[in-house]
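File shown: protein00.cif (mmCIF, C-alpha atoms).
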data_protein
#
loop_
_atom_site.group_PDB
_atom_site.id
_atom_site.type_symbol
_atom_site.label_atom_id
_atom_site.label_comp_id
_atom_site.auth_asym_id
_atom_site.auth_seq_id
_atom_site.Cartn_x
_atom_site.Cartn_y
_atom_site.Cartn_z
ATOM 1 C CA MET A 282 45.815 -36.743 -36.642
ATOM 2 C CA THR A 283 42.753 -36.425 -38.804
ATOM 3 C CA THR A 284 40.870 -33.180 -39.409
ATOM 4 C CA GLU A 285 37.919 -34.621 -37.525
ATOM 5 C CA HIS A 286 40.085 -35.322 -34.481
ATOM 6 C CA ARG A 287 41.490 -31.786 -34.596
ATOM 7 C CA HIS A 288 37.940 -30.361 -34.639
ATOM 8 C CA VAL A 289 36.965 -32.513 -31.650
ATOM 9 C CA ILE A 290 40.026 -31.357 -29.677
ATOM 10 C CA THR A 291 39.374 -27.716 -30.612
ATOM 11 C CA ARG A 292 35.748 -27.969 -29.453
ATOM 12 C CA PHE A 293 36.886 -29.642 -26.232
ATOM 13 C CA GLN A 294 39.439 -26.879 -25.570
ATOM 14 C CA ALA A 295 36.844 -24.177 -26.248
ATOM 15 C CA THR A 296 34.378 -25.851 -23.876
ATOM 16 C CA ALA A 297 37.031 -26.255 -21.189
ATOM 17 C CA THR A 298 38.024 -22.591 -21.507
ATOM 18 C CA LEU A 299 34.396 -21.476 -21.204
ATOM 19 C CA ILE A 300 33.907 -23.597 -18.090
ATOM 20 C CA LEU A 301 37.054 -22.134 -16.499
ATOM 21 C CA LEU A 302 35.874 -18.585 -17.280
ATOM 22 C CA LEU A 303 32.450 -19.258 -15.770
ATOM 23 C CA LEU A 304 34.011 -20.758 -12.660
ATOM 24 C CA ALA A 305 36.335 -17.788 -12.296
ATOM 25 C CA SER A 306 33.405 -15.357 -12.627
ATOM 26 C CA ALA A 307 31.398 -17.289 -10.048
ATOM 27 C CA CYS A 308 34.320 -17.248 -7.607
ATOM 28 C CA LEU A 309 34.733 -13.477 -8.011
ATOM 29 C CA ALA A 310 31.014 -12.926 -7.346
ATOM 30 C CA GLN A 311 31.072 -15.204 -4.323
ATOM 31 C CA ASP A 312 34.048 -13.329 -2.876
ATOM 32 C CA ALA A 313 31.939 -10.167 -2.664
ATOM 33 C CA TRP A 314 28.502 -11.677 -1.953
ATOM 34 C CA PRO A 315 29.152 -12.869 1.607
ATOM 35 C CA ASP A 316 30.367 -9.410 2.675
ATOM 36 C CA SER A 317 27.209 -7.668 1.458
ATOM 37 C CA LEU A 318 24.997 -10.365 2.926
ATOM 38 C CA ARG A 319 26.807 -10.373 6.257
ATOM 39 C CA PHE A 320 26.625 -6.571 6.461
ATOM 40 C CA GLY A 321 22.924 -6.471 5.561
ATOM 41 C CA LEU A 322 21.971 -9.202 8.003
ATOM 42 C CA ALA A 323 23.901 -7.575 10.858
ATOM 43 C CA LYS A 324 22.151 -4.261 10.210
ATOM 44 C CA ALA A 325 18.736 -5.921 9.885
ATOM 45 C CA LYS A 326 19.211 -7.702 13.227
ATOM 46 C CA GLU A 327 20.373 -4.481 14.864
ATOM 47 C CA ILE A 328 17.342 -2.565 13.619
ATOM 48 C CA ALA A 329 14.938 -5.382 14.536
ATOM 49 C CA ALA A 330 16.213 -5.300 18.117
ATOM 50 C CA ALA A 331 15.922 -1.514 18.550
ATOM 51 C CA PRO A 332 13.308 -0.603 21.206
ATOM 52 C CA THR A 333 12.070 2.273 18.996
ATOM 53 C CA VAL A 334 11.321 -0.165 16.181
ATOM 54 C CA ILE A 335 9.665 -2.801 18.363
ATOM 55 C CA ALA A 336 7.443 -0.208 20.091
ATOM 56 C CA ALA A 337 6.358 1.380 16.795
ATOM 57 C CA VAL A 338 5.534 -1.958 15.172
ATOM 58 C CA GLU A 339 3.561 -3.146 18.177
ATOM 59 C CA GLU A 340 1.602 0.121 18.187
ATOM 60 C CA GLN A 341 0.769 -0.164 14.475
ATOM 61 C CA ASN A 342 -0.274 -3.803 14.970
ATOM 62 C CA ARG A 343 -2.614 -2.658 17.735
ATOM 63 C CA LEU A 344 -4.107 0.165 15.651
ATOM 64 C CA ASN A 345 -4.515 -1.854 12.447
ATOM 65 C CA HIS A 346 -5.543 -5.251 13.786
ATOM 66 C CA GLN A 347 -9.088 -4.903 12.427
ATOM 67 C CA LEU A 348 -8.087 -4.038 8.853
ATOM 68 C CA ASP A 349 -9.457 -6.567 6.381
ATOM 69 C CA PRO A 350 -7.778 -7.513 3.062
ATOM 70 C CA ALA A 351 -9.984 -5.135 1.065
ATOM 71 C CA GLU A 352 -9.010 -2.192 3.273
ATOM 72 C CA ILE A 353 -5.325 -3.097 3.005
ATOM 73 C CA GLN A 354 -5.628 -3.285 -0.778
ATOM 74 C CA ALA A 355 -7.363 0.108 -0.847
ATOM 75 C CA LEU A 356 -4.547 1.672 1.205
ATOM 76 C CA ASP A 357 -1.929 0.159 -1.087
ATOM 77 C CA GLU A 358 -3.746 1.399 -4.209
ATOM 78 C CA ARG A 359 -3.999 4.872 -2.689
ATOM 79 C CA TRP A 360 -0.263 4.832 -1.965
ATOM 80 C CA ARG A 361 0.603 3.685 -5.500
ATOM 81 C CA ALA A 362 -1.596 6.400 -6.967
ATOM 82 C CA GLN A 363 0.235 9.027 -4.907
ATOM 83 C CA TYR A 364 3.743 7.733 -5.632
ATOM 84 C CA GLY A 365 5.754 10.373 -7.474
ATOM 85 C CA LYS A 366 3.033 13.015 -7.061
ATOM 86 C CA SER A 367 3.343 16.305 -5.173
ATOM 87 C CA ASN A 368 -0.040 15.833 -3.497
ATOM 88 C CA ALA A 369 0.650 12.671 -1.490
ATOM 89 C CA ASP A 370 -0.911 12.961 1.962
ATOM 90 C CA LEU A 371 -0.642 9.244 2.820
ATOM 91 C CA ILE A 372 3.027 9.029 1.836
ATOM 92 C CA THR A 373 3.841 12.299 3.626
ATOM 93 C CA LEU A 374 2.141 11.050 6.778
ATOM 94 C CA MET A 375 4.232 7.862 6.760
ATOM 95 C CA MET A 376 7.501 9.639 6.001
ATOM 96 C CA GLU A 377 7.045 12.060 8.919
ATOM 97 C CA THR A 378 6.584 9.476 11.685
ATOM 98 C CA PRO A 379 9.183 9.111 14.469
ATOM 99 C CA LEU A 380 9.991 5.609 13.188
ATOM 100 C CA SER A 381 10.684 6.849 9.652
ATOM 101 C CA ASP A 382 12.865 9.631 11.101
ATOM 102 C CA PHE A 383 14.798 7.013 13.095
ATOM 103 C CA LEU A 384 15.281 4.794 10.024
ATOM 104 C CA ARG A 385 16.308 7.743 7.845
ATOM 105 C CA THR A 386 19.024 8.672 10.358
ATOM 106 C CA LEU A 387 20.401 5.111 10.239
ATOM 107 C CA HIS A 388 20.224 5.131 6.442
ATOM 108 C CA LEU A 389 22.113 8.415 6.054
ATOM 109 C CA ARG A 390 24.740 7.379 8.596
ATOM 110 C CA GLU A 391 25.907 4.581 6.271
ATOM 111 C CA LYS A 392 26.688 7.057 3.427
ATOM 112 C CA GLY A 393 25.497 5.090 0.426
ATOM 113 C CA VAL A 394 26.090 1.528 1.661
ATOM 114 C CA ILE A 395 22.454 1.225 2.744
ATOM 115 C CA THR A 396 19.995 2.140 -0.007
ATOM 116 C CA GLU A 397 16.764 1.824 2.003
ATOM 117 C CA ILE A 398 15.283 0.489 5.214
ATOM 118 C CA ILE A 399 11.689 -0.724 5.400
ATOM 119 C CA VAL A 400 9.942 -1.846 8.585
ATOM 120 C CA MET A 401 6.724 -3.836 8.168
ATOM 121 C CA ASP A 402 3.967 -4.811 10.580
ATOM 122 C CA ASN A 403 2.255 -8.167 11.084
ATOM 123 C CA GLN A 404 0.077 -7.665 7.992
ATOM 124 C CA GLY A 405 2.883 -6.681 5.647
ATOM 125 C CA LEU A 406 2.096 -2.959 5.680
ATOM 126 C CA ASN A 407 4.953 -0.502 5.990
ATOM 127 C CA ALA A 408 5.240 0.798 9.532
ATOM 128 C CA GLY A 409 8.165 3.079 8.672
ATOM 129 C CA GLN A 410 10.772 3.562 5.983
ATOM 130 C CA SER A 411 13.900 5.586 5.322
ATOM 131 C CA ALA A 412 12.952 6.375 1.709
ATOM 132 C CA ILE A 413 9.694 6.381 -0.231
ATOM 133 C CA THR A 414 8.745 2.942 -1.507
ATOM 134 C CA THR A 415 6.700 2.258 -4.630
ATOM 135 C CA ASP A 416 4.054 0.421 -2.592
ATOM 136 C CA LEU A 417 2.749 0.344 0.973
ATOM 137 C CA TRP A 418 1.935 -3.361 1.302
ATOM 138 C CA GLN A 419 4.736 -5.948 1.171
ATOM 139 C CA GLY A 420 2.607 -8.881 2.349
ATOM 140 C CA ASP A 421 2.842 -10.762 -0.943
ATOM 141 C CA GLU A 422 6.632 -10.395 -1.239
ATOM 142 C CA PRO A 423 9.414 -12.727 -0.001
ATOM 143 C CA LYS A 424 10.829 -9.975 2.215
ATOM 144 C CA TRP A 425 7.793 -10.439 4.488
ATOM 145 C CA VAL A 426 6.558 -13.943 3.614
ATOM 146 C CA LYS A 427 9.929 -15.597 4.258
ATOM 147 C CA THR A 428 10.618 -13.712 7.485
ATOM 148 C CA PHE A 429 7.517 -12.795 9.478
ATOM 149 C CA LEU A 430 5.534 -15.864 8.425
ATOM 150 C CA ALA A 431 8.577 -18.080 9.066
ATOM 151 C CA GLY A 432 8.824 -16.840 12.651
ATOM 152 C CA PRO A 433 11.498 -15.415 14.958
ATOM 153 C CA GLY A 434 15.078 -15.566 13.715
ATOM 154 C CA ALA A 435 14.162 -16.023 10.049
ATOM 155 C CA TYR A 436 15.988 -14.075 7.364
ATOM 156 C CA TYR A 437 15.866 -13.779 3.598
ATOM 157 C CA ALA A 438 18.316 -12.385 1.031
ATOM 158 C CA SER A 439 16.901 -11.362 -2.329
ATOM 159 C CA PRO A 440 18.542 -11.958 -5.697
ATOM 160 C CA VAL A 441 20.590 -9.080 -7.086
ATOM 161 C CA ARG A 442 18.301 -6.581 -8.789
ATOM 162 C CA HIS A 443 18.045 -2.992 -9.968
ATOM 163 C CA ASP A 444 15.648 -1.258 -7.616
ATOM 164 C CA ASP A 445 13.262 1.338 -9.081
ATOM 165 C CA SER A 446 12.876 3.083 -5.720
ATOM 166 C CA THR A 447 16.601 3.580 -5.091
ATOM 167 C CA GLY A 448 17.981 3.506 -8.652
ATOM 168 C CA VAL A 449 20.905 1.196 -7.818
ATOM 169 C CA TRP A 450 21.862 -2.461 -8.057
ATOM 170 C CA GLN A 451 21.293 -4.000 -4.658
ATOM 171 C CA ILE A 452 20.293 -6.931 -2.566
ATOM 172 C CA GLN A 453 17.642 -6.739 0.118
ATOM 173 C CA VAL A 454 18.279 -8.552 3.371
ATOM 174 C CA SER A 455 15.199 -9.069 5.532
ATOM 175 C CA TYR A 456 14.797 -10.287 9.107
ATOM 176 C CA THR A 457 11.879 -11.034 11.432
ATOM 177 C CA ILE A 458 11.156 -8.484 14.165
ATOM 178 C CA SER A 459 10.260 -10.108 17.493
ATOM 179 C CA ASN A 460 9.031 -8.542 20.711
ATOM 180 C CA ASP A 461 10.426 -9.058 24.210
ATOM 181 C CA ALA A 462 8.273 -12.167 24.605
ATOM 182 C CA GLY A 463 9.931 -13.729 21.554
ATOM 183 C CA ASN A 464 6.876 -13.471 19.298
ATOM 184 C CA ALA A 465 7.149 -12.394 15.656
ATOM 185 C CA ILE A 466 5.518 -8.966 15.213
ATOM 186 C CA GLY A 467 6.832 -7.766 11.844
ATOM 187 C CA ALA A 468 9.882 -7.661 9.613
ATOM 188 C CA VAL A 469 12.650 -5.324 8.508
ATOM 189 C CA THR A 470 14.339 -5.058 5.111
ATOM 190 C CA VAL A 471 17.720 -3.436 4.532
ATOM 191 C CA GLY A 472 18.805 -2.602 0.980
ATOM 192 C CA VAL A 473 22.558 -2.939 0.423
ATOM 193 C CA ALA A 474 24.333 -1.294 -2.529
ATOM 194 C CA LEU A 475 26.488 -3.893 -4.274
ATOM 195 C CA SER A 476 28.811 -1.233 -5.670
ATOM 196 C CA GLU A 477 30.075 -0.637 -2.139
ATOM 197 C CA PHE A 478 31.305 -4.229 -2.019
ATOM 198 C CA GLY A 479 32.901 -4.334 -5.460
ATOM 199 C CA GLU A 480 29.935 -6.068 -7.087
#

Please re-express this file's structure in structure tokens.
Amino acid sequence: MTTEHRHVITRFQATATLILLLLASACLAQDAWPDSLRFGLAKAKEIAAAPTVIAAVEEQNRLNHQLDPAEIQALDERWRAQYGKSNADLITLMMETPLSDFLRTLHLREKGVITEIIVMDNQGLNAGQSAITTDLWQGDEPKWVKTFLAGPGAYYASPVRHDDSTGVWQIQVSYTISNDAGNAIGAVTVGVALSEFGE
């Protein structure tokens, strides 16, 4: 066997080993991914169907139906300016609503598995949340675009990411909220900590 042939075989073996390692890593990730996704989607559906959630979203839709894009942007900018500050009247107001109290109870009950719960209205504004978010308006994000705008029964799972609000690696699973008539009225996002599923 020539030296050239030996180099070719060595390169082939190295490539084959790398492929096997990548496949093994992918299989390990896939073993854990469906569990976190299935858990998040089940919780999102459960929250979306809760009468407390549906009533609160419908009420916010009724109150805010005349907001124009400029007013929504102004609210979001006000929220962002208050984020992390002690004087944060808009954030405090949102965090003290009955819906936010309800979501916080669900969040705490899961003891670290759920990192956050966000409920959004039909314009992408937060209607309630279990923890303070970095922004108020989610209307330009997939969590709302790929659920509410897609209609009843739609869901979306985000890529794995490190979340600045929660400080953990997570996925976000979102689901459309529909009313009793079957019409889309908003969306819910559930953050799921990957560490709880071995990821």

Mind checking which residues fall within 12 Å of Ala355 (chain A), counting only C-alpha atoms, ignoring those fewer than 4 positions away in the same chain, and posting them as an MDAnalysis selection string?
chainID A and resid 348:351 359:362 371 406 416:418

Tell me which residues come within 7 Å of (19.5, 1.4, 3.9), as a list in words, counting all atoms listed in the file in the file's coordinates.
His388, Val394, Ile395, Thr396, Glu397, Ile398, Val471, Gly472 and Val473 of chain A

Would you please work out which residue, of A:Leu318, A:Ile328, A:Ile458, A:Ile452, is nearest to Gly432 (chain A) when using all atoms listed in the file?
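Comparing A:Leu318, A:Ile328, A:Ile458, A:Ile452 against Gly432 (chain A), the winner is A:Ile458.
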
May I have a table of the residues of region 345-453 of chain A lying at most 10 Å from region 462-467 of chain A, giving each one's closest pair of atoms and their distance in Å to one decimal, counting all atoms listed in the file, ordered by chain and ascending residue number, as CSV?
residue,atom,partner,partner_atom,distance
A:Val400,CA,A:Gly467,CA,7.4
A:Met401,CA,A:Gly467,CA,5.4
A:Asp402,CA,A:Gly467,CA,4.3
A:Asn403,CA,A:Gly467,CA,4.7
A:Gln404,CA,A:Gly467,CA,7.8
A:Gly405,CA,A:Gly467,CA,7.4
A:Leu406,CA,A:Gly467,CA,9.1
A:Asn407,CA,A:Gly467,CA,9.5
A:Ala408,CA,A:Gly467,CA,9.0
A:Trp425,CA,A:Gly467,CA,7.9
A:Thr428,CA,A:Gly467,CA,8.3
A:Phe429,CA,A:Gly467,CA,5.6
A:Leu430,CA,A:Ala465,CA,8.2
A:Ala431,CA,A:Ala465,CA,8.8
A:Gly432,CA,A:Ala465,CA,5.6
A:Pro433,CA,A:Ala465,CA,5.3
A:Gly434,CA,A:Ala465,CA,8.8
A:Ala435,CA,A:Ala465,CA,9.7

Minimum-distance residue to Met376 (chain A), chosen among A:Asn345, A:Ala412, A:Lys427, A:Asp357 (using all atoms listed in the file)
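Going through A:Asn345, A:Ala412, A:Lys427, A:Asp357 one by one, the smallest distance to Met376 (chain A) is for A:Ala412.
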
Under the rule that all atoms listed in the file are counted, which of A:Glu422, A:Glu391, A:Thr386, A:Ile413 is the nearest residue to Ala474 (chain A)?
A:Glu391

Translate the PyMOL selection byres ((chain A and resi 439-449) around 7), as applied to the file shown, into an explicit residue set as a list in words.
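So the PyMOL selection byres ((chain A and resi 439-449) around 7), applied here, picks out Thr396, Thr414, Thr415, Tyr437, Ala438, Trp450, Gln451, Ile452, Gln453, Val454 and Ala474 of chain A.
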
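You will find CA of Lys326 (chain A) at 17.9 Å from CA of Leu389 (chain A).
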
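Across A:Ser317, A:Ser411, A:Gln341, A:Thr457, the tightest approach to Ser476 (chain A) is made by A:Ser317 when counting all atoms listed in the file.
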
Expressed in Å to a single decimal, how great is the separation between CA of Thr470 (chain A) and CA of Asn368 (chain A)?
26.8 Å

Kindly output region 359-391 of chain A as a PDB file, in the frame of the given file, after building N, CA and C atoms.
ATOM      1  N   ARG A 359      -4.088   3.429  -2.934  1.00  0.00           N
ATOM      2  CA  ARG A 359      -3.999   4.872  -2.689  1.00  0.00           C
ATOM      3  C   ARG A 359      -2.535   5.319  -2.670  1.00  0.00           C
ATOM      4  N   TRP A 360      -1.694   4.533  -2.025  1.00  0.00           N
ATOM      5  CA  TRP A 360      -0.263   4.832  -1.965  1.00  0.00           C
ATOM      6  C   TRP A 360       0.341   4.838  -3.370  1.00  0.00           C
ATOM      7  N   ARG A 361       0.050   3.794  -4.142  1.00  0.00           N
ATOM      8  CA  ARG A 361       0.603   3.685  -5.500  1.00  0.00           C
ATOM      9  C   ARG A 361       0.158   4.857  -6.375  1.00  0.00           C
ATOM     10  N   ALA A 362      -1.072   5.283  -6.183  1.00  0.00           N
ATOM     11  CA  ALA A 362      -1.596   6.400  -6.967  1.00  0.00           C
ATOM     12  C   ALA A 362      -0.890   7.706  -6.605  1.00  0.00           C
ATOM     13  N   GLN A 363      -0.429   7.806  -5.371  1.00  0.00           N
ATOM     14  CA  GLN A 363       0.235   9.027  -4.907  1.00  0.00           C
ATOM     15  C   GLN A 363       1.738   9.016  -5.180  1.00  0.00           C
ATOM     16  N   TYR A 364       2.294   7.848  -5.455  1.00  0.00           N
ATOM     17  CA  TYR A 364       3.743   7.733  -5.632  1.00  0.00           C
ATOM     18  C   TYR A 364       4.212   8.641  -6.781  1.00  0.00           C
ATOM     19  N   GLY A 365       5.202   9.474  -6.472  1.00  0.00           N
ATOM     20  CA  GLY A 365       5.754  10.373  -7.474  1.00  0.00           C
ATOM     21  C   GLY A 365       4.965  11.651  -7.672  1.00  0.00           C
ATOM     22  N   LYS A 366       3.859  11.819  -6.924  1.00  0.00           N
ATOM     23  CA  LYS A 366       3.033  13.015  -7.061  1.00  0.00           C
ATOM     24  C   LYS A 366       3.362  14.011  -5.939  1.00  0.00           C
ATOM     25  N   SER A 367       3.091  15.277  -6.190  1.00  0.00           N
ATOM     26  CA  SER A 367       3.343  16.305  -5.173  1.00  0.00           C
ATOM     27  C   SER A 367       2.270  16.274  -4.085  1.00  0.00           C
ATOM     28  N   ASN A 368       1.055  15.931  -4.464  1.00  0.00           N
ATOM     29  CA  ASN A 368      -0.040  15.833  -3.497  1.00  0.00           C
ATOM     30  C   ASN A 368      -0.148  14.381  -3.027  1.00  0.00           C
ATOM     31  N   ALA A 369       0.562  14.064  -1.949  1.00  0.00           N
ATOM     32  CA  ALA A 369       0.650  12.671  -1.490  1.00  0.00           C
ATOM     33  C   ALA A 369       0.521  12.636   0.037  1.00  0.00           C
ATOM     34  N   ASP A 370      -0.699  12.850   0.514  1.00  0.00           N
ATOM     35  CA  ASP A 370      -0.911  12.961   1.962  1.00  0.00           C
ATOM     36  C   ASP A 370      -0.576  11.673   2.710  1.00  0.00           C
ATOM     37  N   LEU A 371      -0.911  10.515   2.141  1.00  0.00           N
ATOM     38  CA  LEU A 371      -0.642   9.244   2.820  1.00  0.00           C
ATOM     39  C   LEU A 371       0.864   8.989   2.928  1.00  0.00           C
ATOM     40  N   ILE A 372       1.579   9.225   1.842  1.00  0.00           N
ATOM     41  CA  ILE A 372       3.027   9.029   1.836  1.00  0.00           C
ATOM     42  C   ILE A 372       3.704  10.021   2.780  1.00  0.00           C
ATOM     43  N   THR A 373       3.269  11.274   2.739  1.00  0.00           N
ATOM     44  CA  THR A 373       3.841  12.299   3.626  1.00  0.00           C
ATOM     45  C   THR A 373       3.636  11.930   5.080  1.00  0.00           C
ATOM     46  N   LEU A 374       2.448  11.455   5.407  1.00  0.00           N
ATOM     47  CA  LEU A 374       2.141  11.050   6.778  1.00  0.00           C
ATOM     48  C   LEU A 374       3.093   9.954   7.252  1.00  0.00           C
ATOM     49  N   MET A 375       3.343   8.962   6.403  1.00  0.00           N
ATOM     50  CA  MET A 375       4.232   7.862   6.760  1.00  0.00           C
ATOM     51  C   MET A 375       5.676   8.322   6.895  1.00  0.00           C
ATOM     52  N   MET A 376       6.110   9.202   5.994  1.00  0.00           N
ATOM     53  CA  MET A 376       7.501   9.639   6.001  1.00  0.00           C
ATOM     54  C   MET A 376       7.836  10.574   7.159  1.00  0.00           C
ATOM     55  N   GLU A 377       6.809  11.115   7.829  1.00  0.00           N
ATOM     56  CA  GLU A 377       7.045  12.060   8.919  1.00  0.00           C
ATOM     57  C   GLU A 377       6.858  11.448  10.300  1.00  0.00           C
ATOM     58  N   THR A 378       6.733  10.129  10.376  1.00  0.00           N
ATOM     59  CA  THR A 378       6.584   9.476  11.685  1.00  0.00           C
ATOM     60  C   THR A 378       7.936   9.396  12.399  1.00  0.00           C
ATOM     61  N   PRO A 379       7.927   9.282  13.730  1.00  0.00           N
ATOM     62  CA  PRO A 379       9.183   9.111  14.469  1.00  0.00           C
ATOM     63  C   PRO A 379       9.972   7.886  14.010  1.00  0.00           C
ATOM     64  N   LEU A 380       9.284   6.805  13.643  1.00  0.00           N
ATOM     65  CA  LEU A 380       9.991   5.609  13.188  1.00  0.00           C
ATOM     66  C   LEU A 380      10.706   5.871  11.871  1.00  0.00           C
ATOM     67  N   SER A 381      10.039   6.532  10.926  1.00  0.00           N
ATOM     68  CA  SER A 381      10.684   6.849   9.652  1.00  0.00           C
ATOM     69  C   SER A 381      11.869   7.787   9.853  1.00  0.00           C
ATOM     70  N   ASP A 382      11.741   8.738  10.782  1.00  0.00           N
ATOM     71  CA  ASP A 382      12.865   9.631  11.101  1.00  0.00           C
ATOM     72  C   ASP A 382      14.043   8.825  11.641  1.00  0.00           C
ATOM     73  N   PHE A 383      13.766   7.867  12.510  1.00  0.00           N
ATOM     74  CA  PHE A 383      14.798   7.013  13.095  1.00  0.00           C
ATOM     75  C   PHE A 383      15.500   6.198  12.004  1.00  0.00           C
ATOM     76  N   LEU A 384      14.717   5.613  11.106  1.00  0.00           N
ATOM     77  CA  LEU A 384      15.281   4.794  10.024  1.00  0.00           C
ATOM     78  C   LEU A 384      16.085   5.644   9.044  1.00  0.00           C
ATOM     79  N   ARG A 385      15.605   6.847   8.775  1.00  0.00           N
ATOM     80  CA  ARG A 385      16.308   7.743   7.845  1.00  0.00           C
ATOM     81  C   ARG A 385      17.679   8.127   8.405  1.00  0.00           C
ATOM     82  N   THR A 386      17.743   8.348   9.716  1.00  0.00           N
ATOM     83  CA  THR A 386      19.024   8.672  10.358  1.00  0.00           C
ATOM     84  C   THR A 386      20.009   7.520  10.201  1.00  0.00           C
ATOM     85  N   LEU A 387      19.541   6.288  10.412  1.00  0.00           N
ATOM     86  CA  LEU A 387      20.401   5.111  10.239  1.00  0.00           C
ATOM     87  C   LEU A 387      20.858   4.984   8.791  1.00  0.00           C
ATOM     88  N   HIS A 388      19.947   5.213   7.875  1.00  0.00           N
ATOM     89  CA  HIS A 388      20.224   5.131   6.442  1.00  0.00           C
ATOM     90  C   HIS A 388      21.326   6.118   6.049  1.00  0.00           C
ATOM     91  N   LEU A 389      21.163   7.370   6.428  1.00  0.00           N
ATOM     92  CA  LEU A 389      22.113   8.415   6.054  1.00  0.00           C
ATOM     93  C   LEU A 389      23.476   8.207   6.707  1.00  0.00           C
ATOM     94  N   ARG A 390      23.486   7.612   7.879  1.00  0.00           N
ATOM     95  CA  ARG A 390      24.740   7.379   8.596  1.00  0.00           C
ATOM     96  C   ARG A 390      25.665   6.451   7.820  1.00  0.00           C
ATOM     97  N   GLU A 391      25.094   5.559   7.004  1.00  0.00           N
ATOM     98  CA  GLU A 391      25.907   4.581   6.271  1.00  0.00           C
ATOM     99  C   GLU A 391      26.452   5.121   4.943  1.00  0.00           C
TER     100      GLU A 391
END
